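query22.cif follows; it contains mmCIF, C-alpha atoms (C1' of nucleotides).
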data_data
#
loop_
_atom_site.label_atom_id
_atom_site.label_comp_id
_atom_site.auth_asym_id
_atom_site.auth_seq_id
_atom_site.Cartn_x
_atom_site.Cartn_y
_atom_site.Cartn_z
CA MET A 18 0.00 0.00 0.00
CA THR A 19 1.49 3.33 -1.00
CA ASP A 20 1.68 6.17 1.46
CA ASP A 21 -0.92 8.35 -0.18
CA GLN A 22 -3.54 5.79 0.67
CA TRP A 23 -2.97 6.37 4.35
CA LEU A 24 -3.68 9.32 6.57
CA THR A 25 -1.11 11.89 7.63
CA GLY A 26 -0.15 12.13 11.28
CA GLU A 27 -2.50 15.02 11.93
CA GLN A 28 -5.36 13.41 10.09
CA LEU A 29 -4.84 10.14 11.87
CA ASN A 30 -4.78 11.88 15.20
CA ALA A 31 -8.05 13.63 14.51
CA TRP A 32 -9.68 10.44 13.31
CA VAL A 33 -8.55 8.34 16.26
CA ARG A 34 -9.86 10.88 18.73
CA PHE A 35 -13.11 11.34 16.90
CA ALA A 36 -13.58 7.57 16.61
CA ALA A 37 -13.16 7.30 20.38
CA ILE A 38 -15.90 9.91 20.82
CA LEU A 39 -18.19 7.96 18.51
CA GLN A 40 -17.78 4.94 20.74
CA LEU A 41 -17.88 6.55 24.17
CA PHE A 42 -20.52 9.24 23.84
CA PRO A 43 -23.48 6.96 23.11
CA ALA A 44 -22.36 4.56 25.83
CA VAL A 45 -22.35 7.34 28.42
CA LEU A 46 -25.82 8.48 27.34
CA ASP A 47 -27.23 4.98 27.49
CA ALA A 48 -25.68 4.23 30.84
CA GLN A 49 -27.20 7.30 32.48
CA LEU A 50 -30.69 6.65 31.10
CA GLN A 51 -30.51 2.99 32.04
CA ARG A 52 -29.39 3.77 35.54
CA GLU A 53 -31.78 6.61 36.32
CA SER A 54 -34.86 5.69 34.28
CA ASP A 55 -34.49 2.09 33.16
CA LEU A 56 -34.79 3.20 29.54
CA THR A 57 -32.50 2.73 26.59
CA HIS A 58 -31.62 5.93 24.76
CA PHE A 59 -33.71 4.70 21.86
CA GLU A 60 -36.73 4.13 24.09
CA TYR A 61 -36.35 7.58 25.60
CA PHE A 62 -35.99 9.15 22.18
CA THR A 63 -39.13 7.35 21.01
CA LEU A 64 -41.15 8.61 23.97
CA ALA A 65 -39.75 12.11 23.45
CA MET A 66 -40.79 12.13 19.79
CA LEU A 67 -44.32 11.10 20.74
CA SER A 68 -44.46 13.73 23.47
CA GLU A 69 -43.87 16.46 20.89
CA ALA A 70 -46.33 15.17 18.32
CA PRO A 71 -49.87 16.55 17.97
CA GLU A 72 -52.15 14.58 20.30
CA GLN A 73 -48.99 12.74 21.37
CA THR A 74 -49.74 10.40 18.48
CA LEU A 75 -47.81 9.25 15.44
CA ARG A 76 -48.18 6.51 12.90
CA MET A 77 -45.67 3.74 13.32
CA SER A 78 -43.98 4.39 10.00
CA VAL A 79 -43.71 8.13 10.69
CA LEU A 80 -42.29 7.45 14.13
CA ALA A 81 -39.83 5.00 12.60
CA GLY A 82 -38.66 7.75 10.27
CA ARG A 83 -38.22 10.27 13.11
CA THR A 84 -36.27 7.84 15.24
CA ASN A 85 -34.28 6.56 12.28
CA ALA A 86 -35.32 3.01 13.09
CA THR A 87 -36.50 0.10 10.99
CA LEU A 88 -40.15 -0.79 11.36
CA PRO A 89 -39.43 -4.22 12.91
CA ARG A 90 -37.24 -2.62 15.52
CA LEU A 91 -39.79 0.04 16.35
CA SER A 92 -42.60 -2.49 16.47
CA ARG A 93 -40.87 -4.50 19.17
CA VAL A 94 -39.82 -1.46 21.17
CA ILE A 95 -43.39 -0.12 21.10
CA SER A 96 -44.64 -3.52 22.22
CA HIS A 97 -42.29 -3.30 25.17
CA LEU A 98 -43.25 0.28 26.01
CA GLU A 99 -46.92 -0.69 25.68
CA ALA A 100 -46.41 -3.54 28.15
CA ARG A 101 -44.95 -1.02 30.58
CA GLY A 102 -47.95 1.27 30.11
CA PHE A 103 -46.15 4.19 28.46
CA VAL A 104 -47.67 3.85 25.00
CA ARG A 105 -50.98 2.72 23.55
CA ARG A 106 -51.55 1.33 20.06
CA ALA A 107 -54.71 1.91 18.03
CA PRO A 108 -55.57 1.03 14.45
CA CYS A 109 -55.72 4.06 12.17
CA ARG A 110 -59.22 4.69 10.79
CA LEU A 111 -58.16 6.30 7.54
CA ASP A 112 -55.83 3.50 6.53
CA ARG A 113 -56.54 0.25 8.22
CA ARG A 114 -53.11 -1.11 7.44
CA ALA A 115 -51.63 1.56 9.67
CA THR A 116 -51.22 1.75 13.44
CA ASP A 117 -51.13 4.88 15.58
CA ALA A 118 -48.92 4.95 18.64
CA THR A 119 -50.02 7.29 21.44
CA LEU A 120 -48.21 8.36 24.57
CA THR A 121 -50.22 7.55 27.70
CA GLU A 122 -50.41 9.76 30.76
CA ALA A 123 -47.87 7.49 32.43
CA GLY A 124 -45.67 7.81 29.37
CA TRP A 125 -45.84 11.59 29.54
CA GLU A 126 -44.89 11.50 33.19
CA LYS A 127 -42.00 9.19 32.37
CA VAL A 128 -40.66 11.68 29.83
CA VAL A 129 -41.09 14.58 32.24
CA ALA A 130 -39.29 12.64 34.95
CA THR A 131 -36.48 11.53 32.68
CA ALA A 132 -35.73 14.59 30.60
CA PRO A 133 -34.01 16.78 33.23
CA GLY A 134 -31.36 14.23 34.09
CA HIS A 135 -30.70 13.54 30.46
CA VAL A 136 -30.45 17.22 29.57
CA ASP A 137 -28.17 17.74 32.54
CA LEU A 138 -25.83 15.09 31.25
CA VAL A 139 -25.74 16.64 27.79
CA LYS A 140 -25.01 20.01 29.34
CA THR A 141 -22.27 18.61 31.54
CA VAL A 142 -20.55 16.50 28.94
CA LEU A 143 -21.04 18.61 25.83
CA ILE A 144 -22.24 22.18 26.38
CA GLU A 145 -20.18 23.12 29.41
CA THR A 146 -17.09 21.33 28.19
CA LEU A 147 -16.82 23.50 25.10
CA THR A 148 -16.67 27.23 24.62
CA ALA A 149 -19.50 28.88 22.70
CA LYS A 150 -17.23 29.16 19.70
CA GLU A 151 -16.24 25.52 19.84
CA LEU A 152 -19.86 24.48 20.06
CA GLY A 153 -20.58 26.61 17.02
CA ASP A 154 -17.67 25.00 15.20
CA LEU A 155 -18.93 21.54 16.12
CA SER A 156 -22.38 22.46 14.89
CA ALA A 157 -21.01 23.61 11.53
CA ILE A 158 -18.76 20.58 11.19
CA SER A 159 -21.64 18.27 12.02
CA ALA A 160 -23.77 19.93 9.37
CA LYS A 161 -21.11 19.30 6.74
CA LEU A 162 -20.66 15.68 7.77
CA LEU A 163 -24.41 15.15 7.81
CA LYS A 164 -24.61 16.16 4.17
CA LYS A 165 -22.23 13.36 3.30
CA LEU A 166 -23.68 10.78 5.64
CA ASP A 167 -27.33 11.48 5.00
CA PRO A 168 -27.68 13.27 1.65
CA GLU A 169 -31.47 12.97 1.64
CA SER A 170 -31.54 14.31 5.22
CA ARG A 171 -33.90 11.69 6.45
CA MET A 172 -32.83 12.67 9.95
CA ALA A 173 -33.16 16.40 9.34
CA ALA A 174 -36.50 16.98 11.03
CA THR A 175 -35.69 15.53 14.41
CA ALA A 176 -35.58 18.14 17.12
CA ILE A 177 -35.06 18.02 20.88
CA ILE A 178 -32.72 15.47 22.36
CA MET B 27 -39.38 22.42 34.34
CA THR B 28 -37.90 25.90 34.25
CA ASP B 29 -36.23 27.24 31.14
CA ASP B 30 -32.71 27.21 32.47
CA GLN B 31 -32.87 23.46 32.59
CA TRP B 32 -33.23 23.33 28.84
CA LEU B 33 -30.87 24.17 26.04
CA THR B 34 -30.88 27.41 24.09
CA GLY B 35 -31.77 27.32 20.41
CA GLU B 36 -28.15 27.34 19.33
CA GLN B 37 -27.12 24.72 21.83
CA LEU B 38 -30.04 22.53 20.89
CA ASN B 39 -29.19 22.86 17.24
CA ALA B 40 -25.61 21.81 17.81
CA TRP B 41 -26.66 18.87 19.96
CA VAL B 42 -29.28 17.58 17.53
CA ARG B 43 -26.83 17.67 14.66
CA PHE B 44 -24.06 16.08 16.66
CA ALA B 45 -26.43 13.38 17.94
CA ALA B 46 -27.33 12.56 14.35
CA ILE B 47 -23.63 12.16 13.56
CA LEU B 48 -23.20 9.84 16.53
CA GLN B 49 -25.90 7.62 15.11
CA LEU B 50 -25.06 7.73 11.42
CA PHE B 51 -21.27 7.64 11.33
CA PRO B 52 -20.79 4.23 12.96
CA ALA B 53 -23.60 2.80 10.84
CA VAL B 54 -21.91 3.95 7.64
CA LEU B 55 -18.58 2.48 8.76
CA ASP B 56 -20.13 -0.84 9.68
CA ALA B 57 -22.13 -1.06 6.49
CA GLN B 58 -19.07 -0.58 4.29
CA LEU B 59 -16.98 -3.16 6.16
CA GLN B 60 -19.84 -5.63 6.20
CA ARG B 61 -20.46 -5.23 2.50
CA GLU B 62 -16.87 -5.32 1.29
CA SER B 63 -15.19 -7.60 3.81
CA ASP B 64 -17.89 -9.37 5.80
CA LEU B 65 -16.47 -7.94 9.00
CA THR B 66 -18.03 -5.81 11.73
CA HIS B 67 -16.11 -2.67 12.54
CA PHE B 68 -15.21 -4.20 15.86
CA GLU B 69 -13.82 -7.32 14.20
CA TYR B 70 -11.76 -5.22 11.79
CA PHE B 71 -10.47 -3.06 14.60
CA THR B 72 -9.49 -6.16 16.57
CA LEU B 73 -7.55 -7.58 13.60
CA ALA B 74 -5.93 -4.19 13.04
CA MET B 75 -4.75 -3.98 16.65
CA LEU B 76 -3.19 -7.43 16.39
CA SER B 77 -1.53 -6.53 13.10
CA GLU B 78 0.34 -3.69 14.79
CA ALA B 79 1.41 -5.64 17.85
CA PRO B 80 4.88 -7.20 18.20
CA GLU B 81 4.72 -10.71 16.74
CA GLN B 82 1.09 -9.88 15.86
CA THR B 83 0.29 -11.17 19.31
CA LEU B 84 -1.48 -9.73 22.33
CA ARG B 85 -2.90 -11.12 25.53
CA MET B 86 -6.67 -11.18 25.59
CA SER B 87 -6.94 -8.69 28.42
CA VAL B 88 -4.53 -6.26 26.73
CA LEU B 89 -6.41 -6.58 23.47
CA ALA B 90 -9.66 -6.00 25.32
CA GLY B 91 -8.20 -2.76 26.67
CA ARG B 92 -7.07 -1.57 23.24
CA THR B 93 -10.39 -2.29 21.64
CA ASN B 94 -12.32 -0.92 24.61
CA ALA B 95 -14.24 -4.16 24.86
CA THR B 96 -15.27 -6.31 27.79
CA LEU B 97 -13.45 -9.61 28.07
CA PRO B 98 -16.59 -11.68 27.43
CA ARG B 99 -17.26 -9.75 24.24
CA LEU B 100 -13.70 -10.09 23.03
CA SER B 101 -13.62 -13.78 23.89
CA ARG B 102 -16.57 -14.53 21.64
CA VAL B 103 -15.35 -12.33 18.81
CA ILE B 104 -11.96 -14.02 18.91
CA SER B 105 -13.67 -17.41 18.86
CA HIS B 106 -15.48 -16.35 15.74
CA LEU B 107 -12.35 -14.96 14.09
CA GLU B 108 -10.52 -18.15 15.05
CA ALA B 109 -13.20 -20.24 13.39
CA ARG B 110 -12.68 -18.20 10.22
CA GLY B 111 -8.93 -18.78 10.38
CA PHE B 112 -7.86 -15.17 11.02
CA VAL B 113 -6.63 -15.58 14.58
CA ARG B 114 -5.01 -18.32 16.64
CA ARG B 115 -5.18 -18.73 20.42
CA ALA B 116 -2.37 -20.10 22.55
CA PRO B 117 -1.98 -20.37 26.32
CA CYS B 118 0.59 -17.95 27.73
CA ARG B 119 3.61 -19.71 29.24
CA LEU B 120 4.42 -17.07 31.84
CA ASP B 121 0.94 -16.96 33.28
CA ARG B 122 -1.13 -19.99 32.60
CA ARG B 123 -4.35 -18.15 33.34
CA ALA B 124 -3.70 -15.96 30.33
CA THR B 125 -4.31 -16.50 26.63
CA ASP B 126 -2.39 -14.98 23.72
CA ALA B 127 -4.21 -14.14 20.53
CA THR B 128 -2.11 -14.14 17.35
CA LEU B 129 -2.96 -12.95 13.86
CA THR B 130 -2.55 -15.74 11.30
CA GLU B 131 -1.20 -15.25 7.80
CA ALA B 132 -4.76 -15.33 6.52
CA GLY B 133 -5.68 -12.74 9.13
CA TRP B 134 -2.86 -10.48 7.99
CA GLU B 135 -4.03 -10.79 4.43
CA LYS B 136 -7.56 -9.98 5.50
CA VAL B 137 -6.38 -6.75 7.13
CA VAL B 138 -4.30 -5.80 4.11
CA ALA B 139 -7.25 -6.47 1.82
CA THR B 140 -9.70 -4.58 3.99
CA ALA B 141 -7.75 -1.52 5.11
CA PRO B 142 -7.67 0.46 1.85
CA GLY B 143 -11.43 0.49 1.38
CA HIS B 144 -11.93 1.45 4.99
CA VAL B 145 -9.36 4.23 4.88
CA ASP B 146 -10.90 5.47 1.64
CA LEU B 147 -14.26 5.76 3.32
CA VAL B 148 -12.81 7.70 6.25
CA LYS B 149 -11.07 10.02 3.80
CA THR B 150 -14.20 10.53 1.75
CA VAL B 151 -16.60 11.05 4.61
CA LEU B 152 -14.39 12.85 7.10
CA ILE B 153 -11.07 14.14 5.81
CA GLU B 154 -12.13 15.47 2.44
CA THR B 155 -15.39 16.85 3.73
CA LEU B 156 -13.68 19.21 6.12
CA THR B 157 -11.03 21.86 5.63
CA ALA B 158 -7.69 21.35 7.37
CA LYS B 159 -8.71 23.94 9.94
CA GLU B 160 -12.03 22.26 10.62
CA LEU B 161 -10.32 18.91 11.06
CA GLY B 162 -7.97 20.55 13.53
CA ASP B 163 -10.91 22.06 15.37
CA LEU B 164 -12.63 18.69 15.49
CA SER B 165 -9.48 17.11 16.83
CA ALA B 166 -9.21 19.69 19.61
CA ILE B 167 -12.91 19.44 20.46
CA SER B 168 -12.68 15.65 20.56
CA ALA B 169 -9.75 15.86 22.92
CA LYS B 170 -11.73 18.04 25.32
CA LEU B 171 -14.76 15.77 25.19
CA LEU B 172 -12.58 12.71 25.71
CA LYS B 173 -11.32 14.14 28.96
CA LYS B 174 -14.89 14.28 30.25
CA LEU B 175 -15.99 10.96 28.81
CA ASP B 176 -12.91 8.96 29.67
CA PRO B 177 -11.03 10.72 32.46
CA GLU B 178 -8.62 7.83 32.96
CA SER B 179 -7.99 7.80 29.19
CA ARG B 180 -8.36 4.10 28.90
CA MET B 181 -8.75 4.66 25.19
CA ALA B 182 -5.80 7.00 24.87
CA ALA B 183 -3.31 4.56 23.46
CA THR B 184 -5.30 3.36 20.49
CA ALA B 185 -3.80 4.40 17.20
CA ILE B 186 -4.47 3.55 13.57
CA ILE B 187 -7.84 2.34 12.57
"C1'" DT C 29 2.96 -22.61 54.42
"C1'" DC C 30 -1.48 -22.45 53.05
"C1'" DA C 31 -6.20 -20.68 52.98
"C1'" DA C 32 -8.41 -16.53 51.18
"C1'" DA C 33 -8.57 -13.09 47.77
"C1'" DA C 34 -7.73 -11.56 43.30
"C1'" DT C 35 -7.05 -12.24 38.28
"C1'" DA C 36 -7.67 -14.29 33.31
"C1'" DG C 37 -10.67 -16.14 30.53
"C1'" DT C 38 -14.92 -18.75 29.07
"C1'" DT C 39 -19.77 -19.77 28.97
"C1'" DG C 40 -25.00 -19.62 30.29
"C1'" DC C 41 -28.74 -16.60 29.88
"C1'" DG C 42 -31.52 -12.90 28.42
"C1'" DC C 43 -32.24 -8.69 25.73
"C1'" DC C 44 -31.90 -6.08 21.56
"C1'" DT C 45 -31.67 -5.77 16.59
"C1'" DA C 46 -31.37 -7.04 11.61
"C1'" DC C 47 -33.15 -9.68 7.77
"C1'" DA C 48 -36.67 -12.15 5.78
"C1'" DA C 49 -41.17 -14.19 5.53
"C1'" DC C 50 -45.86 -13.41 6.37
"C1'" DT C 51 -50.67 -11.12 6.92
"C1'" DT C 52 -53.77 -7.65 5.92
"C1'" DA C 53 -55.17 -3.59 3.47
"C1'" DT C 54 -54.76 -0.23 -0.27
"C1'" DT C 55 -53.54 1.33 -4.81
"C1'" DT C 56 -52.70 0.65 -9.72
"C1'" DG C 57 -53.47 -0.55 -14.41
"C1'" DC C 58 -55.68 -3.29 -17.81
"C1'" DG D 29 -64.02 -3.86 -11.51
"C1'" DC D 30 -60.63 -6.87 -10.38
"C1'" DA D 31 -56.04 -9.16 -10.39
"C1'" DA D 32 -51.36 -7.73 -9.51
"C1'" DA D 33 -48.31 -4.79 -7.29
"C1'" DT D 34 -47.33 -2.09 -3.40
"C1'" DA D 35 -47.47 -0.61 1.44
"C1'" DA D 36 -47.96 -1.02 6.85
"C1'" DG D 37 -47.01 -3.85 10.57
"C1'" DT D 38 -45.90 -8.06 12.99
"C1'" DT D 39 -43.34 -12.16 13.97
"C1'" DG D 40 -39.76 -16.15 13.20
"C1'" DT D 41 -35.01 -16.85 13.23
"C1'" DA D 42 -30.31 -15.93 14.02
"C1'" DG D 43 -26.39 -13.26 15.75
"C1'" DG D 44 -24.18 -9.79 18.81
"C1'" DC D 45 -23.48 -8.13 23.44
"C1'" DG D 46 -23.77 -7.36 28.62
"C1'" DC D 47 -24.10 -9.30 33.12
"C1'" DA D 48 -23.33 -12.83 36.13
"C1'" DA D 49 -21.75 -17.38 37.24
"C1'" DC D 50 -18.04 -20.54 36.74
"C1'" DT D 51 -13.14 -22.75 36.17
"C1'" DA D 52 -8.40 -22.42 36.58
"C1'" DT D 53 -4.34 -20.06 38.10
"C1'" DT D 54 -1.64 -16.76 40.73
"C1'" DT D 55 -0.90 -13.61 44.52
"C1'" DT D 56 -1.37 -12.15 49.29
"C1'" DG D 57 -0.89 -12.18 54.12
"C1'" DA D 58 -1.45 -14.26 58.72
#

If you took the structure in this file and wrote it as structure tokens, what would it be?
Amino acid sequence: MTDDQWLTGEQLNAWVRFAAILQLFPAVLDAQLQRESDLTHFEYFTLAMLSEAPEQTLRMSVLAGRTNATLPRLSRVISHLEARGFVRRAPCRLDRRATDATLTEAGWEKVVATAPGHVDLVKTVLIETLTAKELGDLSAISAKLLKKLDPESRMAATAII
Amino acid sequence: MTDDQWLTGEQLNAWVRFAAILQLFPAVLDAQLQRESDLTHFEYFTLAMLSEAPEQTLRMSVLAGRTNATLPRLSRVISHLEARGFVRRAPCRLDRRATDATLTEAGWEKVVATAPGHVDLVKTVLIETLTAKELGDLSAISAKLLKKLDPESRMAATAII
DNA sequence: TCAAAATAGTTGCGCCTACAACTTATTTGC
DNA sequence: GCAAATAAGTTGTAGGCGCAACTATTTTGA
């Protein structure tokens, strides 16, 4: 392999560090949610998406899009959340193939109880660790990378946590 | 929940984008390795670590440290790689509790065959997407985040992907 | 010296997820 | 208007991974 196929020292350094972040950051998020709320990050994100939707209701396929999940994965996670009383399923009247998922009162309370600790962690680990300028830089860099990773911006719409 | 518990618009924006990167980047890496080499990123990384070690050999616990994996996880992955002929296990003479994992000739060839495509992807998605300054910024930002995420820098030593 | 504690590694078990097959309902095109 | 194609969800099957239990070996300390 010729040298130009490899990365320069600086490039390699940046990549190694960034790769470590990619591995550690999600693990830290998941660990905190598991410990404090007995939720995976994906479960929390799913509940959060429902909590922001009109009537706290979304069709399964729409919710799958917002959470960037496959439908089989979402289906099982919703089954689990339904068993715990956080979500309710109902057939959609307009299209009887479809299923609407709705956040229950207990589900809403779960989100309300879980969000502060999660936001705190994000603030501690990300926001307060960087200067305002660095956070802006990271935001711009992320935007550029997103264009390459997700050209159709399927993940674009997702807001909050 | 009072406002100061939440994130400002700018902060939220940065976090949402960065969170999307955390989800998409590893998926893109894994997909390419799976498609072109039938390896998970973790398997490739494990082979790569062995390929750089003296005698292409490392003790399981040391290898677990370098790959940031638990010993049970590594043990099964090595079993799988052993079954495919890429790695060989041997009891360590100095400490008979320990096991040495060694890259086979076939394993070396697998790394050599796999590395260029993987490096190309990293160059395409990361290096060439950013300016040299941005890559430097990302490197510095990653270093700061690493300090928070991994204070004992257990992942510090890892080089080359 | 030798029993107790610690260490290295493997394996049983359960959960999560992907892929594919399947069911039911809707849309399309002849 | 109806058969074929498509779409929405669910479930069977298999593989990866974490935790905890287990075996075997080494270290510690009374």

Going by the chain IDs and residue numbers used in this file, which residues fall under the PyMOL selection byres ((chain C and resi 41-47) around 7)? Write them as a list in words.
Arg90 of chain A; DG40 and DA48 of chain C

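Shortest atom-to-atom contact with chain B among D:DG29, D:DG44, D:DG57, D:DG37: D:DG44, counting only C-alpha atoms (C1' of nucleotides).
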
Write down, as a compact mmCIF listing (two decimals) with C-alpha atoms, in the coordinates of the input, each residue of chain A that has any atom within 12 Å of an atom of chain C, counting only C-alpha atoms (C1' of nucleotides).
# COMPACT_ATOMS: atom_id res chain seq x y z
CA THR A 57 -32.50 2.73 26.59
CA PHE A 59 -33.71 4.70 21.86
CA GLU A 60 -36.73 4.13 24.09
CA ALA A 86 -35.32 3.01 13.09
CA THR A 87 -36.50 0.10 10.99
CA LEU A 88 -40.15 -0.79 11.36
CA PRO A 89 -39.43 -4.22 12.91
CA ARG A 90 -37.24 -2.62 15.52
CA LEU A 91 -39.79 0.04 16.35
CA SER A 92 -42.60 -2.49 16.47
CA ARG A 93 -40.87 -4.50 19.17
CA VAL A 94 -39.82 -1.46 21.17
CA HIS A 97 -42.29 -3.30 25.17
CA PRO A 108 -55.57 1.03 14.45
CA CYS A 109 -55.72 4.06 12.17
CA ARG A 110 -59.22 4.69 10.79
CA LEU A 111 -58.16 6.30 7.54
CA ASP A 112 -55.83 3.50 6.53
CA ARG A 113 -56.54 0.25 8.22
CA ARG A 114 -53.11 -1.11 7.44
CA ALA A 115 -51.63 1.56 9.67
CA THR A 116 -51.22 1.75 13.44

So what do you get for CA of Asn94 in chain B versus CA of Gln40 in chain A, distance-wise?
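CA of Asn94 in chain B sits 8.9 Å away from CA of Gln40 in chain A.
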
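CA of Ala57 in chain B is found 14.8 Å from CA of Lys165 in chain A.
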
Distance cut-off 9 Å, counting only C-alpha atoms - which residues of chain B neighbour chain A? Return them as a PDB file with C-alpha atoms, keeping the file's coordinate frame.
ATOM      1  CA  MET B  27     -39.380  22.420  34.340  1.00  0.00           C
ATOM      2  CA  GLN B  31     -32.870  23.460  32.590  1.00  0.00           C
ATOM      3  CA  TRP B  32     -33.230  23.330  28.840  1.00  0.00           C
ATOM      4  CA  LEU B  33     -30.870  24.170  26.040  1.00  0.00           C
ATOM      5  CA  GLU B  36     -28.150  27.340  19.330  1.00  0.00           C
ATOM      6  CA  GLN B  37     -27.120  24.720  21.830  1.00  0.00           C
ATOM      7  CA  LEU B  38     -30.040  22.530  20.890  1.00  0.00           C
ATOM      8  CA  ASN B  39     -29.190  22.860  17.240  1.00  0.00           C
ATOM      9  CA  ALA B  40     -25.610  21.810  17.810  1.00  0.00           C
ATOM     10  CA  TRP B  41     -26.660  18.870  19.960  1.00  0.00           C
ATOM     11  CA  VAL B  42     -29.280  17.580  17.530  1.00  0.00           C
ATOM     12  CA  ARG B  43     -26.830  17.670  14.660  1.00  0.00           C
ATOM     13  CA  PHE B  44     -24.060  16.080  16.660  1.00  0.00           C
ATOM     14  CA  ALA B  45     -26.430  13.380  17.940  1.00  0.00           C
ATOM     15  CA  ALA B  46     -27.330  12.560  14.350  1.00  0.00           C
ATOM     16  CA  ILE B  47     -23.630  12.160  13.560  1.00  0.00           C
ATOM     17  CA  LEU B  48     -23.200   9.840  16.530  1.00  0.00           C
ATOM     18  CA  GLN B  49     -25.900   7.620  15.110  1.00  0.00           C
ATOM     19  CA  LEU B  50     -25.060   7.730  11.420  1.00  0.00           C
ATOM     20  CA  PHE B  51     -21.270   7.640  11.330  1.00  0.00           C
ATOM     21  CA  PRO B  52     -20.790   4.230  12.960  1.00  0.00           C
ATOM     22  CA  VAL B  54     -21.910   3.950   7.640  1.00  0.00           C
ATOM     23  CA  ASN B  94     -12.320  -0.920  24.610  1.00  0.00           C
ATOM     24  CA  VAL B 138      -4.300  -5.800   4.110  1.00  0.00           C
ATOM     25  CA  PRO B 142      -7.670   0.460   1.850  1.00  0.00           C
ATOM     26  CA  VAL B 145      -9.360   4.230   4.880  1.00  0.00           C
ATOM     27  CA  ASP B 146     -10.900   5.470   1.640  1.00  0.00           C
ATOM     28  CA  VAL B 148     -12.810   7.700   6.250  1.00  0.00           C
ATOM     29  CA  LYS B 149     -11.070  10.020   3.800  1.00  0.00           C
ATOM     30  CA  THR B 150     -14.200  10.530   1.750  1.00  0.00           C
ATOM     31  CA  VAL B 151     -16.600  11.050   4.610  1.00  0.00           C
ATOM     32  CA  LEU B 152     -14.390  12.850   7.100  1.00  0.00           C
ATOM     33  CA  ILE B 153     -11.070  14.140   5.810  1.00  0.00           C
ATOM     34  CA  THR B 155     -15.390  16.850   3.730  1.00  0.00           C
ATOM     35  CA  LEU B 156     -13.680  19.210   6.120  1.00  0.00           C
ATOM     36  CA  ALA B 158      -7.690  21.350   7.370  1.00  0.00           C
ATOM     37  CA  GLU B 160     -12.030  22.260  10.620  1.00  0.00           C
ATOM     38  CA  LEU B 161     -10.320  18.910  11.060  1.00  0.00           C
ATOM     39  CA  GLY B 162      -7.970  20.550  13.530  1.00  0.00           C
ATOM     40  CA  ASP B 163     -10.910  22.060  15.370  1.00  0.00           C
ATOM     41  CA  LEU B 164     -12.630  18.690  15.490  1.00  0.00           C
ATOM     42  CA  SER B 165      -9.480  17.110  16.830  1.00  0.00           C
ATOM     43  CA  ALA B 166      -9.210  19.690  19.610  1.00  0.00           C
ATOM     44  CA  ILE B 167     -12.910  19.440  20.460  1.00  0.00           C
ATOM     45  CA  SER B 168     -12.680  15.650  20.560  1.00  0.00           C
ATOM     46  CA  ALA B 169      -9.750  15.860  22.920  1.00  0.00           C
ATOM     47  CA  LYS B 170     -11.730  18.040  25.320  1.00  0.00           C
ATOM     48  CA  LEU B 171     -14.760  15.770  25.190  1.00  0.00           C
ATOM     49  CA  LEU B 172     -12.580  12.710  25.710  1.00  0.00           C
ATOM     50  CA  LYS B 174     -14.890  14.280  30.250  1.00  0.00           C
ATOM     51  CA  LEU B 175     -15.990  10.960  28.810  1.00  0.00           C
ATOM     52  CA  ASP B 176     -12.910   8.960  29.670  1.00  0.00           C
ATOM     53  CA  MET B 181      -8.750   4.660  25.190  1.00  0.00           C
ATOM     54  CA  ALA B 182      -5.800   7.000  24.870  1.00  0.00           C
ATOM     55  CA  THR B 184      -5.300   3.360  20.490  1.00  0.00           C
ATOM     56  CA  ALA B 185      -3.800   4.400  17.200  1.00  0.00           C
ATOM     57  CA  ILE B 186      -4.470   3.550  13.570  1.00  0.00           C
ATOM     58  CA  ILE B 187      -7.840   2.340  12.570  1.00  0.00           C
TER      59      ILE B 187
END

Quick check, in Å to one decimal: how far apart do CA of Thr130 in chain B and C1' of DC45 in chain D lie?
25.4 Å

Return as an MDAnalysis selection string the residues belonging to chain D that are within 8 Å of chain B, counting only C-alpha atoms (C1' of nucleotides).
chainID D and resid 45 52:54

Applied to the shown file, which residues does the PyMOL selection byres ((chain B and resi 107-110) around 10) return, written as JSON, numbers by chain?
{"B": [65, 69, 72, 73, 101, 102, 103, 104, 105, 106, 111, 112, 113, 114, 115, 127, 128, 129, 130, 132, 133]}

Of the residues B:Ser77, B:Leu59, B:Asp126, B:His67, which is the one nearest to Ala90 in chain B, using all atoms listed in the file?
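Of B:Ser77, B:Leu59, B:Asp126, B:His67, the one nearest Ala90 in chain B is B:Asp126, counting all atoms listed in the file.
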
Block slice range 89-102 of chain A, C-alpha atoms, emitted as a JSON list (two decimals), in the first residue's frame:
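Final output, part_0.json:
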[["chain", "number", "residue", "atom", "x", "y", "z"],
["A", 89, "PRO", "CA", -39.43, -4.22, 12.91],
["A", 90, "ARG", "CA", -37.24, -2.62, 15.52],
["A", 91, "LEU", "CA", -39.79, 0.04, 16.35],
["A", 92, "SER", "CA", -42.60, -2.49, 16.47],
["A", 93, "ARG", "CA", -40.87, -4.50, 19.17],
["A", 94, "VAL", "CA", -39.82, -1.46, 21.17],
["A", 95, "ILE", "CA", -43.39, -0.12, 21.10],
["A", 96, "SER", "CA", -44.64, -3.52, 22.22],
["A", 97, "HIS", "CA", -42.29, -3.30, 25.17],
["A", 98, "LEU", "CA", -43.25, 0.28, 26.01],
["A", 99, "GLU", "CA", -46.92, -0.69, 25.68],
["A", 100, "ALA", "CA", -46.41, -3.54, 28.15],
["A", 101, "ARG", "CA", -44.95, -1.02, 30.58],
["A", 102, "GLY", "CA", -47.95, 1.27, 30.11]]
